[in-house]
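What's in final.cif: mmCIF, N, CA and C atoms
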```
data_structure
#
loop_
_atom_site.label_atom_id
_atom_site.label_comp_id
_atom_site.auth_asym_id
_atom_site.auth_seq_id
_atom_site.Cartn_x
_atom_site.Cartn_y
_atom_site.Cartn_z
N MET A 1 11.05 58.82 -5.94
CA MET A 1 10.77 57.49 -6.42
C MET A 1 9.68 56.83 -5.58
N LYS A 2 9.71 57.07 -4.24
CA LYS A 2 8.67 56.52 -3.37
C LYS A 2 7.31 57.06 -3.76
N THR A 3 7.27 58.34 -4.12
CA THR A 3 6.01 58.96 -4.50
C THR A 3 5.47 58.31 -5.78
N MET A 4 6.34 58.04 -6.76
CA MET A 4 5.90 57.40 -8.00
C MET A 4 5.36 56.01 -7.73
N ASN A 5 6.03 55.25 -6.86
CA ASN A 5 5.55 53.92 -6.52
C ASN A 5 4.19 53.99 -5.82
N SER A 6 4.03 54.96 -4.93
CA SER A 6 2.75 55.12 -4.22
C SER A 6 1.63 55.47 -5.19
N ILE A 7 1.91 56.37 -6.13
CA ILE A 7 0.90 56.75 -7.13
C ILE A 7 0.54 55.55 -8.00
N ALA A 8 1.55 54.81 -8.44
CA ALA A 8 1.30 53.64 -9.27
C ALA A 8 0.44 52.62 -8.53
N MET A 9 0.71 52.40 -7.24
CA MET A 9 -0.08 51.45 -6.46
C MET A 9 -1.52 51.94 -6.29
N MET A 10 -1.72 53.25 -6.08
CA MET A 10 -3.08 53.78 -5.93
C MET A 10 -3.86 53.65 -7.24
N VAL A 11 -3.23 53.90 -8.38
CA VAL A 11 -3.88 53.77 -9.67
C VAL A 11 -4.26 52.31 -9.91
N ALA A 12 -3.35 51.39 -9.62
CA ALA A 12 -3.64 49.97 -9.79
C ALA A 12 -4.80 49.53 -8.90
N ALA A 13 -4.82 50.02 -7.66
CA ALA A 13 -5.92 49.68 -6.75
C ALA A 13 -7.23 50.24 -7.26
N ALA A 14 -7.22 51.47 -7.77
CA ALA A 14 -8.45 52.07 -8.30
C ALA A 14 -8.96 51.30 -9.50
N ILE A 15 -8.06 50.88 -10.38
CA ILE A 15 -8.47 50.09 -11.56
C ILE A 15 -9.07 48.76 -11.09
N GLY A 16 -8.44 48.12 -10.12
CA GLY A 16 -8.96 46.85 -9.60
C GLY A 16 -10.33 47.00 -8.97
N LEU A 17 -10.53 48.06 -8.19
CA LEU A 17 -11.84 48.29 -7.59
C LEU A 17 -12.88 48.60 -8.65
N GLY A 18 -12.49 49.36 -9.66
CA GLY A 18 -13.43 49.69 -10.73
C GLY A 18 -13.89 48.47 -11.48
N SER A 19 -12.98 47.55 -11.78
CA SER A 19 -13.38 46.36 -12.52
C SER A 19 -14.22 45.44 -11.65
N THR A 20 -13.96 45.39 -10.34
CA THR A 20 -14.79 44.58 -9.46
C THR A 20 -16.20 45.12 -9.43
N GLY A 21 -16.35 46.44 -9.45
CA GLY A 21 -17.68 47.05 -9.48
C GLY A 21 -18.43 46.67 -10.73
N LEU A 22 -17.73 46.59 -11.85
CA LEU A 22 -18.38 46.22 -13.11
C LEU A 22 -18.95 44.81 -13.01
N TYR A 23 -18.18 43.89 -12.46
CA TYR A 23 -18.66 42.52 -12.35
C TYR A 23 -19.81 42.42 -11.36
N ALA A 24 -19.76 43.22 -10.28
CA ALA A 24 -20.83 43.17 -9.31
C ALA A 24 -22.16 43.58 -9.95
N GLN A 25 -22.12 44.48 -10.93
CA GLN A 25 -23.33 44.93 -11.60
C GLN A 25 -23.81 43.90 -12.61
N SER A 26 -23.05 42.89 -12.88
CA SER A 26 -23.37 41.93 -13.93
C SER A 26 -24.03 40.67 -13.40
N LYS A 27 -24.75 40.78 -12.31
CA LYS A 27 -25.49 39.64 -11.76
C LYS A 27 -26.97 39.99 -11.85
N VAL A 28 -27.74 39.08 -12.43
CA VAL A 28 -29.17 39.32 -12.56
C VAL A 28 -29.95 38.10 -12.07
N GLU A 29 -31.23 38.32 -11.75
CA GLU A 29 -32.13 37.24 -11.38
C GLU A 29 -33.36 37.32 -12.27
N ALA A 30 -33.93 36.15 -12.57
CA ALA A 30 -35.14 36.10 -13.39
C ALA A 30 -35.91 34.83 -13.09
N ASN A 31 -37.22 34.91 -13.28
CA ASN A 31 -38.07 33.73 -13.19
C ASN A 31 -38.25 33.21 -14.61
N ILE A 32 -37.71 32.06 -14.91
CA ILE A 32 -37.80 31.47 -16.24
C ILE A 32 -38.94 30.45 -16.21
N PRO A 33 -40.02 30.72 -16.96
CA PRO A 33 -41.23 29.91 -16.84
C PRO A 33 -41.25 28.60 -17.64
N PHE A 34 -40.12 28.19 -18.18
CA PHE A 34 -40.07 26.97 -18.99
C PHE A 34 -38.73 26.28 -18.78
N ASP A 35 -38.70 24.97 -19.03
CA ASP A 35 -37.43 24.24 -19.01
C ASP A 35 -36.60 24.75 -20.19
N PHE A 36 -35.29 24.77 -20.04
CA PHE A 36 -34.42 25.22 -21.13
C PHE A 36 -33.13 24.42 -21.11
N THR A 37 -32.44 24.48 -22.23
CA THR A 37 -31.18 23.76 -22.37
C THR A 37 -30.04 24.76 -22.47
N VAL A 38 -28.97 24.45 -21.77
CA VAL A 38 -27.75 25.25 -21.86
C VAL A 38 -26.58 24.28 -21.76
N LYS A 39 -25.67 24.40 -22.70
CA LYS A 39 -24.48 23.56 -22.71
C LYS A 39 -24.84 22.07 -22.65
N GLY A 40 -25.92 21.70 -23.34
CA GLY A 40 -26.34 20.30 -23.40
C GLY A 40 -27.08 19.80 -22.17
N LYS A 41 -27.29 20.66 -21.18
CA LYS A 41 -27.98 20.26 -19.95
C LYS A 41 -29.35 20.92 -19.90
N THR A 42 -30.35 20.12 -19.54
CA THR A 42 -31.70 20.66 -19.38
C THR A 42 -31.86 21.20 -17.97
N MET A 43 -32.28 22.44 -17.89
CA MET A 43 -32.49 23.11 -16.61
C MET A 43 -33.99 23.29 -16.42
N PRO A 44 -34.52 23.03 -15.21
CA PRO A 44 -35.96 23.14 -14.99
C PRO A 44 -36.41 24.60 -14.89
N ALA A 45 -37.68 24.81 -15.18
CA ALA A 45 -38.26 26.14 -14.99
C ALA A 45 -38.06 26.55 -13.54
N GLY A 46 -37.91 27.86 -13.30
CA GLY A 46 -37.76 28.33 -11.93
C GLY A 46 -37.03 29.66 -11.86
N ARG A 47 -36.66 30.02 -10.65
CA ARG A 47 -35.95 31.28 -10.39
C ARG A 47 -34.46 31.03 -10.57
N TYR A 48 -33.82 31.89 -11.39
CA TYR A 48 -32.40 31.74 -11.69
C TYR A 48 -31.62 33.00 -11.39
N GLN A 49 -30.37 32.79 -11.03
CA GLN A 49 -29.41 33.87 -10.88
C GLN A 49 -28.31 33.63 -11.90
N LEU A 50 -27.97 34.66 -12.67
CA LEU A 50 -26.91 34.58 -13.66
C LEU A 50 -25.86 35.60 -13.30
N ALA A 51 -24.62 35.16 -13.20
CA ALA A 51 -23.55 36.06 -12.77
C ALA A 51 -22.26 35.75 -13.51
N ARG A 52 -21.50 36.79 -13.82
CA ARG A 52 -20.18 36.58 -14.40
C ARG A 52 -19.26 36.01 -13.34
N ASN A 53 -18.40 35.11 -13.77
CA ASN A 53 -17.40 34.51 -12.89
C ASN A 53 -16.26 35.51 -12.75
N LEU A 54 -15.94 35.93 -11.52
CA LEU A 54 -14.91 36.95 -11.30
C LEU A 54 -13.54 36.52 -11.80
N SER A 55 -13.23 35.24 -11.71
CA SER A 55 -11.90 34.80 -12.13
C SER A 55 -11.82 34.53 -13.63
N ALA A 56 -12.97 34.43 -14.29
CA ALA A 56 -13.00 34.21 -15.75
C ALA A 56 -14.16 35.03 -16.32
N PRO A 57 -13.93 36.30 -16.64
CA PRO A 57 -15.02 37.20 -17.04
C PRO A 57 -15.81 36.77 -18.27
N ASP A 58 -15.28 35.86 -19.08
CA ASP A 58 -16.04 35.37 -20.24
C ASP A 58 -16.94 34.20 -19.86
N THR A 59 -16.99 33.86 -18.59
CA THR A 59 -17.79 32.75 -18.11
C THR A 59 -18.90 33.28 -17.23
N ILE A 60 -20.12 32.76 -17.44
CA ILE A 60 -21.21 33.09 -16.53
C ILE A 60 -21.70 31.82 -15.87
N GLU A 61 -22.16 31.98 -14.64
CA GLU A 61 -22.75 30.87 -13.92
C GLU A 61 -24.25 31.07 -13.90
N ILE A 62 -24.97 30.04 -14.34
CA ILE A 62 -26.43 30.06 -14.33
C ILE A 62 -26.86 29.13 -13.21
N SER A 63 -27.49 29.69 -12.16
CA SER A 63 -27.83 28.90 -10.97
C SER A 63 -29.32 28.93 -10.70
N ASN A 64 -29.88 27.75 -10.48
CA ASN A 64 -31.28 27.63 -10.08
C ASN A 64 -31.31 27.95 -8.59
N VAL A 65 -32.00 29.03 -8.22
CA VAL A 65 -31.99 29.51 -6.84
C VAL A 65 -32.60 28.50 -5.89
N SER A 66 -33.71 27.87 -6.28
CA SER A 66 -34.38 26.94 -5.37
C SER A 66 -33.85 25.52 -5.47
N GLY A 67 -33.44 25.10 -6.66
CA GLY A 67 -33.02 23.71 -6.85
C GLY A 67 -31.54 23.46 -6.64
N GLY A 68 -30.74 24.50 -6.60
CA GLY A 68 -29.32 24.34 -6.37
C GLY A 68 -28.51 23.88 -7.56
N ARG A 69 -29.15 23.62 -8.71
CA ARG A 69 -28.40 23.20 -9.90
C ARG A 69 -27.78 24.42 -10.55
N SER A 70 -26.56 24.25 -11.06
CA SER A 70 -25.92 25.35 -11.77
C SER A 70 -25.04 24.81 -12.88
N VAL A 71 -24.73 25.70 -13.82
CA VAL A 71 -23.87 25.34 -14.94
C VAL A 71 -23.02 26.56 -15.30
N LEU A 72 -21.77 26.32 -15.64
CA LEU A 72 -20.89 27.39 -16.11
C LEU A 72 -20.89 27.38 -17.63
N VAL A 73 -20.98 28.56 -18.22
CA VAL A 73 -21.06 28.69 -19.67
C VAL A 73 -20.03 29.70 -20.14
N VAL A 74 -19.24 29.32 -21.13
CA VAL A 74 -18.29 30.25 -21.75
C VAL A 74 -19.07 31.09 -22.75
N THR A 75 -18.89 32.39 -22.67
CA THR A 75 -19.60 33.33 -23.53
C THR A 75 -18.63 34.20 -24.30
N TYR A 76 -19.17 34.96 -25.22
CA TYR A 76 -18.39 35.99 -25.89
C TYR A 76 -19.20 37.28 -25.88
N LYS A 77 -18.49 38.39 -25.91
CA LYS A 77 -19.14 39.69 -25.88
C LYS A 77 -19.57 40.03 -27.30
N ALA A 78 -20.87 40.10 -27.51
CA ALA A 78 -21.38 40.34 -28.85
C ALA A 78 -21.61 41.83 -29.12
N LEU A 79 -22.25 42.50 -28.20
CA LEU A 79 -22.57 43.92 -28.37
C LEU A 79 -22.35 44.64 -27.06
N THR A 80 -22.23 45.95 -27.15
CA THR A 80 -22.14 46.77 -25.96
C THR A 80 -23.00 48.00 -26.16
N ALA A 81 -23.74 48.36 -25.13
CA ALA A 81 -24.55 49.57 -25.15
C ALA A 81 -24.09 50.45 -23.99
N GLU A 82 -24.58 51.66 -23.96
CA GLU A 82 -24.25 52.55 -22.84
C GLU A 82 -24.81 51.96 -21.55
N PRO A 83 -24.04 52.01 -20.44
CA PRO A 83 -24.58 51.52 -19.17
C PRO A 83 -25.91 52.18 -18.87
N GLY A 84 -26.89 51.37 -18.47
CA GLY A 84 -28.22 51.87 -18.16
C GLY A 84 -29.12 52.02 -19.36
N ALA A 85 -28.59 51.84 -20.58
CA ALA A 85 -29.39 52.02 -21.80
C ALA A 85 -30.25 50.80 -22.11
N VAL A 86 -29.94 49.67 -21.52
CA VAL A 86 -30.72 48.45 -21.78
C VAL A 86 -31.26 47.89 -20.48
N GLU A 87 -32.38 47.23 -20.57
CA GLU A 87 -32.95 46.54 -19.42
C GLU A 87 -32.30 45.16 -19.33
N PRO A 88 -32.00 44.70 -18.13
CA PRO A 88 -31.46 43.35 -17.99
C PRO A 88 -32.47 42.34 -18.54
N ARG A 89 -31.97 41.37 -19.31
CA ARG A 89 -32.85 40.36 -19.88
C ARG A 89 -32.05 39.13 -20.29
N ILE A 90 -32.78 38.04 -20.44
CA ILE A 90 -32.20 36.78 -20.88
C ILE A 90 -32.95 36.39 -22.14
N VAL A 91 -32.21 35.97 -23.17
CA VAL A 91 -32.81 35.64 -24.46
C VAL A 91 -32.60 34.15 -24.74
N PHE A 92 -33.65 33.52 -25.21
CA PHE A 92 -33.62 32.10 -25.56
C PHE A 92 -34.04 31.93 -27.01
N ASN A 93 -33.50 30.93 -27.69
CA ASN A 93 -33.96 30.53 -29.01
C ASN A 93 -34.95 29.39 -28.80
N GLN A 94 -36.07 29.42 -29.55
CA GLN A 94 -37.10 28.40 -29.41
C GLN A 94 -37.22 27.58 -30.69
N TYR A 95 -37.17 26.27 -30.54
CA TYR A 95 -37.39 25.32 -31.63
C TYR A 95 -38.48 24.37 -31.16
N GLY A 96 -39.70 24.51 -31.70
CA GLY A 96 -40.82 23.70 -31.22
C GLY A 96 -41.05 23.99 -29.76
N ASN A 97 -41.01 22.95 -28.92
CA ASN A 97 -41.21 23.16 -27.48
C ASN A 97 -39.88 23.13 -26.71
N ARG A 98 -38.77 23.33 -27.40
CA ARG A 98 -37.43 23.35 -26.80
C ARG A 98 -36.91 24.78 -26.76
N TYR A 99 -36.32 25.17 -25.64
CA TYR A 99 -35.76 26.51 -25.46
C TYR A 99 -34.27 26.36 -25.16
N PHE A 100 -33.47 27.22 -25.79
CA PHE A 100 -32.02 27.19 -25.62
C PHE A 100 -31.52 28.56 -25.18
N PHE A 101 -30.74 28.59 -24.10
CA PHE A 101 -30.15 29.84 -23.63
C PHE A 101 -29.27 30.41 -24.74
N SER A 102 -29.44 31.72 -25.02
CA SER A 102 -28.70 32.35 -26.10
C SER A 102 -27.90 33.58 -25.65
N GLU A 103 -28.54 34.48 -24.88
CA GLU A 103 -27.89 35.75 -24.53
C GLU A 103 -28.25 36.18 -23.11
N LEU A 104 -27.35 36.95 -22.54
CA LEU A 104 -27.59 37.64 -21.28
C LEU A 104 -27.24 39.10 -21.49
N TRP A 105 -28.21 39.98 -21.25
CA TRP A 105 -27.98 41.42 -21.28
C TRP A 105 -28.02 41.92 -19.84
N THR A 106 -27.04 42.74 -19.45
CA THR A 106 -27.00 43.31 -18.11
C THR A 106 -27.11 44.82 -18.20
N SER A 107 -27.47 45.45 -17.10
CA SER A 107 -27.67 46.90 -17.11
C SER A 107 -26.37 47.68 -17.30
N ASP A 108 -25.21 46.99 -17.21
CA ASP A 108 -23.96 47.69 -17.49
C ASP A 108 -23.72 47.82 -19.00
N GLY A 109 -24.70 47.35 -19.79
CA GLY A 109 -24.64 47.54 -21.24
C GLY A 109 -24.00 46.40 -22.01
N ALA A 110 -23.65 45.32 -21.34
CA ALA A 110 -22.96 44.23 -22.02
C ALA A 110 -23.93 43.12 -22.42
N GLU A 111 -23.73 42.61 -23.61
CA GLU A 111 -24.46 41.42 -24.04
C GLU A 111 -23.46 40.29 -24.10
N ARG A 112 -23.77 39.20 -23.41
CA ARG A 112 -22.94 38.01 -23.44
C ARG A 112 -23.72 36.95 -24.20
N SER A 113 -23.13 36.37 -25.22
CA SER A 113 -23.78 35.36 -26.05
C SER A 113 -23.04 34.04 -25.95
N VAL A 114 -23.76 32.95 -26.26
CA VAL A 114 -23.14 31.63 -26.28
C VAL A 114 -23.21 31.07 -27.69
N THR A 115 -22.25 30.25 -28.01
CA THR A 115 -22.26 29.53 -29.28
C THR A 115 -23.25 28.38 -29.14
N PRO A 116 -24.15 28.21 -30.11
CA PRO A 116 -25.14 27.12 -30.00
C PRO A 116 -24.46 25.76 -29.88
N ALA A 117 -25.00 24.93 -28.99
CA ALA A 117 -24.50 23.57 -28.82
C ALA A 117 -24.96 22.70 -29.98
N LYS A 118 -24.38 21.52 -30.09
CA LYS A 118 -24.67 20.61 -31.20
C LYS A 118 -26.16 20.31 -31.32
N MET A 119 -26.83 20.05 -30.20
CA MET A 119 -28.26 19.73 -30.22
C MET A 119 -29.07 20.88 -30.83
N GLU A 120 -28.75 22.10 -30.45
CA GLU A 120 -29.46 23.26 -31.00
C GLU A 120 -29.16 23.41 -32.49
N GLN A 121 -27.93 23.21 -32.89
CA GLN A 121 -27.58 23.32 -34.31
C GLN A 121 -28.34 22.28 -35.14
N GLU A 122 -28.49 21.06 -34.61
CA GLU A 122 -29.23 20.02 -35.32
C GLU A 122 -30.70 20.37 -35.45
N LEU A 123 -31.30 20.90 -34.37
CA LEU A 123 -32.70 21.31 -34.44
C LEU A 123 -32.88 22.46 -35.43
N LYS A 124 -31.95 23.39 -35.41
CA LYS A 124 -32.03 24.52 -36.33
C LYS A 124 -31.97 24.03 -37.78
N ALA A 125 -31.12 23.07 -38.07
CA ALA A 125 -30.97 22.55 -39.43
C ALA A 125 -32.23 21.82 -39.90
N SER A 126 -32.96 21.21 -38.97
CA SER A 126 -34.15 20.44 -39.35
C SER A 126 -35.45 21.23 -39.24
N THR A 127 -35.36 22.49 -38.83
CA THR A 127 -36.55 23.31 -38.61
C THR A 127 -36.76 24.29 -39.76
N THR A 128 -38.02 24.50 -40.11
CA THR A 128 -38.38 25.53 -41.08
C THR A 128 -39.32 26.48 -40.37
N PRO A 129 -39.12 27.78 -40.36
CA PRO A 129 -38.01 28.48 -40.98
C PRO A 129 -36.73 28.31 -40.16
N LYS A 130 -35.61 28.67 -40.77
CA LYS A 130 -34.31 28.47 -40.14
C LYS A 130 -34.06 29.44 -38.98
N LYS A 131 -34.75 30.57 -38.97
CA LYS A 131 -34.57 31.55 -37.89
C LYS A 131 -35.52 31.20 -36.75
N ALA A 132 -34.98 30.90 -35.60
CA ALA A 132 -35.79 30.51 -34.43
C ALA A 132 -36.45 31.73 -33.81
N PRO A 133 -37.67 31.56 -33.30
CA PRO A 133 -38.25 32.64 -32.51
C PRO A 133 -37.38 32.91 -31.29
N ARG A 134 -37.24 34.19 -30.95
CA ARG A 134 -36.42 34.55 -29.79
C ARG A 134 -37.35 34.94 -28.67
N ILE A 135 -37.19 34.28 -27.53
CA ILE A 135 -38.03 34.50 -26.35
C ILE A 135 -37.20 35.28 -25.34
N THR A 136 -37.74 36.41 -24.89
CA THR A 136 -37.03 37.26 -23.94
C THR A 136 -37.70 37.18 -22.58
N VAL A 137 -36.89 36.98 -21.54
CA VAL A 137 -37.37 36.96 -20.16
C VAL A 137 -36.74 38.14 -19.45
N ALA A 138 -37.59 38.97 -18.84
CA ALA A 138 -37.09 40.14 -18.11
C ALA A 138 -36.32 39.67 -16.88
N ALA A 139 -35.26 40.40 -16.55
CA ALA A 139 -34.43 40.09 -15.40
C ALA A 139 -34.24 41.36 -14.58
N VAL A 140 -33.83 41.21 -13.35
CA VAL A 140 -33.56 42.36 -12.49
C VAL A 140 -32.14 42.26 -11.96
N ASP A 141 -31.51 43.41 -11.78
CA ASP A 141 -30.17 43.43 -11.18
C ASP A 141 -30.26 42.93 -9.77
N ASN A 142 -29.24 42.24 -9.37
CA ASN A 142 -29.20 41.71 -8.01
C ASN A 142 -27.94 42.17 -7.33
#
```

File written out as structure tokens:
Amino acid sequence: MKTMNSIAMMVAAAIGLGSTGLYAQSKVEANIPFDFTVKGKTMPAGRYQLARNLSAPDTIEISNVSGGRSVLVVTYKALTAEPGAVEPRIVFNQYGNRYFFSELWTSDGAERSVTPAKMEQELKASTTPKKAPRITVAAVDN
């Protein structure tokens, strides 16, 4: 019985370490050359770090490295690719001169997307064509 308990504890520890490694790979940095909106907040152009929140994996923190401003965003997993099959990147929807955070792709193959906020939905409804240009910013694993 002691052996079974020891094996169960080792398996649980291995699973815990494995999932921590996954989250560690899900942090990226990018230079975003324009102001953008996320969760109703305007963030200035600059260097950003985006990371999954370890205690809430569906949440990412978007932090301005130089300005210290950050915002937490609830996301959903939209697509999955093979680890290493995609380059890390951040995707924005553009309406006129306004940019809205839309997706985060990490090298572990996960795409995290956000539901458009009310302001973005209103701009989309008043814009022709209805499909916004998608602006991609390259990111690097950190």

Open item on the list: Quick check on the file I pasted: which residues fall under the PyMOL selection byres ((chain A and resi 115-126) around 6.5)? Write them as JSON, numbers by chain.
Closed with: {"A": [39, 40, 74, 75, 76, 113, 114, 127, 128, 130]}

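When only C-alpha atoms are used to compute distances to Ala110 (chain A), the closest of the residues A:Gly67, A:Gly46, A:Pro57, A:Pro133 turns out to be A:Pro57.
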
TODO: Could you list the residues chosen by the PyMOL selection byres ((chain A and resi 92) around 8) in this structure as a list in words?
DONE: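 In the shown coordinates, the PyMOL selection byres ((chain A and resi 92) around 8) covers Arg89, Ile90, Val91, Asn93, Gln94, Tyr95, Arg98, Tyr99, Phe100, Phe101, Ser102, Glu103, Leu104, Ala132, Pro133, Arg134, Ile135, Thr136 and Val137 of chain A.
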
Open item on the list: Report, in Å to a single decimal, how far apart CA of Asn97 (chain A) and CA of Arg52 (chain A) are.
Closed with: 28.2 Å

Open item on the list: So that I can check the surroundings of Ala51 (chain A), please list as a PyMOL selection string every protein, DNA and RNA residue that reaches within 7 Å of it, counting only C-alpha atoms and ignoring chain neighbours fewer than 5 positions away.
Closed with: chain A and resi 26-28+60-62

- [ ] Would you mind listing what lies within 9 Å of Glu111 (chain A) as a list in words, with only C-alpha atoms counted and same-chain residues fewer than 5 positions away left out?
- [x]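 So the residues in contact are Tyr76, Lys77, Ala78, Leu79, Thr80, Ala81, Glu103, Leu104, Trp105 and Thr106 of chain A.
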